[in-house]
file structure26.pdb (PDB, C-alpha atoms)
ATOM      1  CA  MET A   1      90.996  81.193  81.656
ATOM      2  CA  ARG A   2      88.192  78.942  82.869
ATOM      3  CA  GLU A   3      90.677  76.253  83.848
ATOM      4  CA  TRP A   4      92.717  78.792  85.802
ATOM      5  CA  VAL A   5      89.585  79.860  87.688
ATOM      6  CA  ARG A   6      88.701  76.221  88.406
ATOM      7  CA  GLN A   7      92.196  75.525  89.736
ATOM      8  CA  THR A   8      92.112  78.652  91.889
ATOM      9  CA  VAL A   9      88.752  77.744  93.398
ATOM     10  CA  GLU A  10      90.038  74.225  94.113
ATOM     11  CA  GLN A  11      93.142  75.690  95.763
ATOM     12  CA  PHE A  12      91.124  77.899  98.123
ATOM     13  CA  GLY A  13      88.196  75.524  98.541
ATOM     14  CA  ARG A  14      84.693  75.626  97.160
ATOM     15  CA  ASP A  15      83.441  77.813  99.956
ATOM     16  CA  ARG A  16      81.703  81.160  99.482
ATOM     17  CA  HIS A  17      83.677  82.447 102.471
ATOM     18  CA  GLN A  18      86.823  82.190 100.345
ATOM     19  CA  LEU A  19      85.452  84.555  97.694
ATOM     20  CA  LEU A  20      87.690  87.485  98.670
ATOM     21  CA  GLU A  21      90.811  85.312  98.632
ATOM     22  CA  ILE A  22      89.834  83.807  95.291
ATOM     23  CA  LEU A  23      89.203  87.195  93.705
ATOM     24  CA  GLY A  24      92.475  88.547  95.100
ATOM     25  CA  HIS A  25      94.421  85.609  93.705
ATOM     26  CA  LEU A  26      92.791  85.917  90.300
ATOM     27  CA  GLN A  27      93.485  89.649  90.110
ATOM     28  CA  ARG A  28      97.156  89.296  91.105
ATOM     29  CA  GLY A  29      99.357  89.592  88.075
ATOM     30  CA  ARG A  30      96.563  91.314  86.155
ATOM     31  CA  SER A  31      95.215  94.764  86.550
ATOM     32  CA  TYR A  32      91.576  93.809  86.909
ATOM     33  CA  LEU A  33      88.934  91.080  87.109
ATOM     34  CA  GLU A  34      87.383  90.495  83.707
ATOM     35  CA  LYS A  35      83.656  89.843  83.319
ATOM     36  CA  GLU A  36      84.376  86.294  82.115
ATOM     37  CA  THR A  37      86.484  85.641  85.205
ATOM     38  CA  LEU A  38      83.716  86.808  87.537
ATOM     39  CA  LEU A  39      81.144  84.664  85.723
ATOM     40  CA  ALA A  40      83.417  81.624  85.968
ATOM     41  CA  VAL A  41      83.921  82.203  89.706
ATOM     42  CA  ALA A  42      80.170  82.453  90.201
ATOM     43  CA  GLU A  43      79.681  79.188  88.349
ATOM     44  CA  GLU A  44      82.475  77.388  90.211
ATOM     45  CA  LEU A  45      81.174  78.507  93.634
ATOM     46  CA  ASP A  46      77.520  78.097  92.654
ATOM     47  CA  LEU A  47      76.831  81.729  93.531
ATOM     48  CA  PRO A  48      74.710  84.291  91.721
ATOM     49  CA  ALA A  49      76.832  86.302  89.297
ATOM     50  CA  ALA A  50      75.435  89.482  90.876
ATOM     51  CA  GLU A  51      76.889  88.485  94.257
ATOM     52  CA  VAL A  52      80.355  87.918  92.823
ATOM     53  CA  TYR A  53      80.193  91.141  90.798
ATOM     54  CA  GLY A  54      78.865  93.051  93.807
ATOM     55  CA  THR A  55      81.751  91.821  95.923
ATOM     56  CA  ALA A  56      84.316  92.706  93.256
ATOM     57  CA  THR A  57      82.933  96.227  92.918
ATOM     58  CA  PHE A  58      82.368  96.885  96.632
ATOM     59  CA  TYR A  59      86.001  96.538  97.722
ATOM     60  CA  SER A  60      88.413  99.178  96.443
ATOM     61  CA  LEU A  61      91.298  96.717  96.130
ATOM     62  CA  TYR A  62      89.466  94.951  93.305
ATOM     63  CA  SER A  63      88.753  96.408  89.904
ATOM     64  CA  THR A  64      86.563  95.409  86.992
ATOM     65  CA  VAL A  65      88.296  97.823  84.604
ATOM     66  CA  PRO A  66      91.899  97.717  83.381
ATOM     67  CA  ARG A  67      94.411  99.573  85.532
ATOM     68  CA  GLY A  68      98.113 100.289  85.421
ATOM     69  CA  LYS A  69     100.949  98.010  86.474
ATOM     70  CA  HIS A  70     101.320 100.018  89.698
ATOM     71  CA  ILE A  71      98.248 101.082  91.654
ATOM     72  CA  ILE A  72      98.810 104.200  93.755
ATOM     73  CA  ARG A  73      96.230 104.829  96.460
ATOM     74  CA  VAL A  74      96.388 108.081  98.402
ATOM     75  CA  CYS A  75      94.534 108.012 101.719
ATOM     76  CA  GLU A  76      92.055 110.825 102.154
ATOM     77  CA  ASN A  77      90.529 109.788 105.483
ATOM     78  CA  ALA A  78      90.293 112.399 108.265
ATOM     79  CA  PRO A  79      93.757 111.978 109.879
ATOM     80  CA  CYS A  80      95.507 111.970 106.490
ATOM     81  CA  HIS A  81      93.398 114.877 105.288
ATOM     82  CA  ILE A  82      94.277 116.952 108.360
ATOM     83  CA  ASP A  83      97.980 116.133 108.033
ATOM     84  CA  GLY A  84      98.327 117.118 104.372
ATOM     85  CA  ALA A  85      96.959 114.380 102.112
ATOM     86  CA  ALA A  86      95.581 116.967  99.679
ATOM     87  CA  ALA A  87      99.079 118.351  99.072
ATOM     88  CA  VAL A  88     100.485 114.827  98.677
ATOM     89  CA  LEU A  89      97.738 113.963  96.205
ATOM     90  CA  ALA A  90      98.306 117.183  94.250
ATOM     91  CA  ALA A  91     102.048 116.458  94.010
ATOM     92  CA  VAL A  92     101.421 112.885  92.826
ATOM     93  CA  GLN A  93      98.876 114.117  90.277
ATOM     94  CA  ALA A  94     101.298 116.729  88.957
ATOM     95  CA  TYR A  95     104.186 114.253  88.749
ATOM     96  CA  LEU A  96     102.135 111.609  86.931
ATOM     97  CA  GLY A  97      99.971 114.001  84.937
ATOM     98  CA  LEU A  98      96.851 112.178  86.138
ATOM     99  CA  GLN A  99      93.576 112.847  87.823
ATOM    100  CA  VAL A 100      92.133 110.366  90.311
ATOM    101  CA  ASN A 101      90.956 107.127  88.637
ATOM    102  CA  GLU A 102      93.103 107.676  85.570
ATOM    103  CA  THR A 103      95.919 105.545  84.176
ATOM    104  CA  THR A 104      99.067 106.775  82.480
ATOM    105  CA  GLU A 105      99.152 106.301  78.705
ATOM    106  CA  ASP A 106     101.971 103.777  79.029
ATOM    107  CA  GLY A 107      99.840 101.684  81.418
ATOM    108  CA  ARG A 108     102.379 101.999  84.192
ATOM    109  CA  PHE A 109     100.423 103.836  86.925
ATOM    110  CA  THR A 110      96.822 104.193  88.041
ATOM    111  CA  LEU A 111      95.984 106.824  90.658
ATOM    112  CA  GLU A 112      93.181 106.221  93.144
ATOM    113  CA  THR A 113      92.110 107.531  96.525
ATOM    114  CA  THR A 114      91.106 105.389  99.454
ATOM    115  CA  SER A 115      89.410 106.021 102.765
ATOM    116  CA  CYS A 116      91.923 104.377 105.131
ATOM    117  CA  LEU A 117      95.179 102.455 104.976
ATOM    118  CA  GLY A 118      95.257 101.654 108.672
ATOM    119  CA  ILE A 119      98.295 103.733 109.641
ATOM    120  CA  CYS A 120      96.605 106.884 110.901
ATOM    121  CA  SER A 121      99.484 107.573 113.281
ATOM    122  CA  ALA A 122     101.752 107.967 110.238
ATOM    123  CA  ALA A 123      99.480 110.283 108.249
ATOM    124  CA  PRO A 124      99.488 111.271 105.469
ATOM    125  CA  ALA A 125      99.894 107.915 103.765
ATOM    126  CA  LEU A 126      99.739 106.245 100.404
ATOM    127  CA  MET A 127      99.915 102.694  99.149
ATOM    128  CA  ILE A 128     101.703 101.546  96.016
ATOM    129  CA  ASP A 129     100.639  98.037  95.079
ATOM    130  CA  ASP A 130     100.995  96.247  98.458
ATOM    131  CA  ASP A 131     103.486  98.660 100.053
ATOM    132  CA  VAL A 132     102.223 101.326 102.466
ATOM    133  CA  HIS A 133     104.198 104.534 103.037
ATOM    134  CA  GLY A 134     103.486 107.036 105.793
ATOM    135  CA  ASN A 135     104.618 110.386 107.225
ATOM    136  CA  LEU A 136     104.703 111.730 103.695
ATOM    137  CA  THR A 137     105.396 115.135 102.304
ATOM    138  CA  PRO A 138     104.618 116.015  98.703
ATOM    139  CA  GLU A 139     108.347 115.713  97.953
ATOM    140  CA  SER A 140     108.802 112.335  99.631
ATOM    141  CA  ALA A 141     105.744 110.910  97.845
ATOM    142  CA  VAL A 142     107.131 111.944  94.464
ATOM    143  CA  GLY A 143     110.535 110.554  95.482
ATOM    144  CA  ILE A 144     108.961 107.167  96.131
ATOM    145  CA  LEU A 145     107.394 107.211  92.683
ATOM    146  CA  LYS A 146     110.704 108.147  91.070
ATOM    147  CA  ASN A 147     112.301 105.085  92.707
ATOM    148  CA  LEU A 148     109.827 102.787  90.923
ATOM    149  CA  ALA A 149     111.636 103.443  87.641
TER     150      ALA A 149
END
call {"tool": "encode", "arguments": {"input": "structure26.pdb", "output": "structure tokens"}}
result
Amino acid sequence: MREWVRQTVEQFGRDRHQLLEILGHLQRGRSYLEKETLLAVAEELDLPAAEVYGTATFYSLYSTVPRGKHIIRVCENAPCHIDGAAAVLAAVQAYLGLQVNETTEDGRFTLETTSCLGICSAAPALMIDDDVHGNLTPESAVGILKNLA
């Protein structure tokens, strides 16, 4: 693991301004950033461990706890809320049998909420992994999830 962190830091450059890119790369293919990974990044970039941990916990796209293979984020910002995000979220919760911030027993899905996905004109919206979907209804959101099978 330490060698992988070292190689990643070398790839992006030993610059504190690359911290977000480094963390994103290290989390890809895994569901979260382990404590040992964050400590190794801090050491490689010569940063305080608290700064690296604080960055990893500030941004919602990073996680320090295990999550499912697919991360589902339902936007609950004002435009999405007004256009029916609560109904979309309720349908997704019912389909998956999850509450927000829970992961299915098989480790396939984690359900989260987020404040904005940047497509307010297509509200309500959700994001699955890196794919954003807008103009949703409860039925279309569940249909998207069914297609992940």
call {"tool": "closest_residue", "arguments": {"input": "structure26.pdb", "among": "A:Val142, A:Val9, A:Ile71, A:Leu117", "to": "Asn101 of chain A", "atoms": "only C-alpha atoms"}}
result
A:Ile71
call {"tool": "resolve_selection", "arguments": {"input": "structure26.pdb", "expression": "the PyMOL selection byres ((chain A and resi 107) around 12)", "output": "ChimeraX atom specification"}}
result
/A:30-31,66-71,96,98,102-106,108-111
call {"tool": "atom_distance", "arguments": {"input": "structure26.pdb", "atom1": "atom CA of Val52 of chain A", "atom2": "atom CA of Thr37 of chain A"}}
result
10.0 Å
call {"tool": "closest_residue", "arguments": {"input": "structure26.pdb", "among": "A:Leu145, A:Leu39, A:Met1, A:Leu33", "to": "His133 of chain A", "atoms": "only C-alpha atoms"}}
result
A:Leu145
call {"tool": "resolve_selection", "arguments": {"input": "structure26.pdb", "expression": "the PyMOL selection byres ((chain A and resi 43-50) around 12)", "output": "NGL selection string"}}
result
:A and (2-10 or 12-19 or 22-23 or 35-42 or 51-58)
call {"tool": "closest_residue", "arguments": {"input": "structure26.pdb", "among": "A:Ser121, A:Gln11, A:Asn77, A:Thr137", "to": "Ala90 of chain A", "atoms": "all atoms listed in the file"}}
result
A:Thr137
call {"tool": "residues_around", "arguments": {"input": "structure26.pdb", "residues": "Met127 of chain A", "least_positions_apart": "6", "cutoff": "12 Å", "atoms": "all atoms listed in the file", "output": "PDB file with C-alpha atoms, keeping the file's coordinate frame"}}
result
ATOM      1  CA  LEU A  61      91.298  96.717  96.130  1.00  0.00           C
ATOM      2  CA  HIS A  70     101.320 100.018  89.698  1.00  0.00           C
ATOM      3  CA  ILE A  71      98.248 101.082  91.654  1.00  0.00           C
ATOM      4  CA  ILE A  72      98.810 104.200  93.755  1.00  0.00           C
ATOM      5  CA  ARG A  73      96.230 104.829  96.460  1.00  0.00           C
ATOM      6  CA  VAL A  74      96.388 108.081  98.402  1.00  0.00           C
ATOM      7  CA  CYS A  75      94.534 108.012 101.719  1.00  0.00           C
ATOM      8  CA  GLU A  76      92.055 110.825 102.154  1.00  0.00           C
ATOM      9  CA  LEU A  89      97.738 113.963  96.205  1.00  0.00           C
ATOM     10  CA  THR A 110      96.822 104.193  88.041  1.00  0.00           C
ATOM     11  CA  LEU A 111      95.984 106.824  90.658  1.00  0.00           C
ATOM     12  CA  GLU A 112      93.181 106.221  93.144  1.00  0.00           C
ATOM     13  CA  THR A 113      92.110 107.531  96.525  1.00  0.00           C
ATOM     14  CA  THR A 114      91.106 105.389  99.454  1.00  0.00           C
ATOM     15  CA  SER A 115      89.410 106.021 102.765  1.00  0.00           C
ATOM     16  CA  CYS A 116      91.923 104.377 105.131  1.00  0.00           C
ATOM     17  CA  LEU A 117      95.179 102.455 104.976  1.00  0.00           C
ATOM     18  CA  GLY A 118      95.257 101.654 108.672  1.00  0.00           C
ATOM     19  CA  ILE A 119      98.295 103.733 109.641  1.00  0.00           C
ATOM     20  CA  HIS A 133     104.198 104.534 103.037  1.00  0.00           C
ATOM     21  CA  GLY A 134     103.486 107.036 105.793  1.00  0.00           C
ATOM     22  CA  LEU A 136     104.703 111.730 103.695  1.00  0.00           C
ATOM     23  CA  ALA A 141     105.744 110.910  97.845  1.00  0.00           C
ATOM     24  CA  ILE A 144     108.961 107.167  96.131  1.00  0.00           C
ATOM     25  CA  LEU A 145     107.394 107.211  92.683  1.00  0.00           C
TER      26      LEU A 145
END
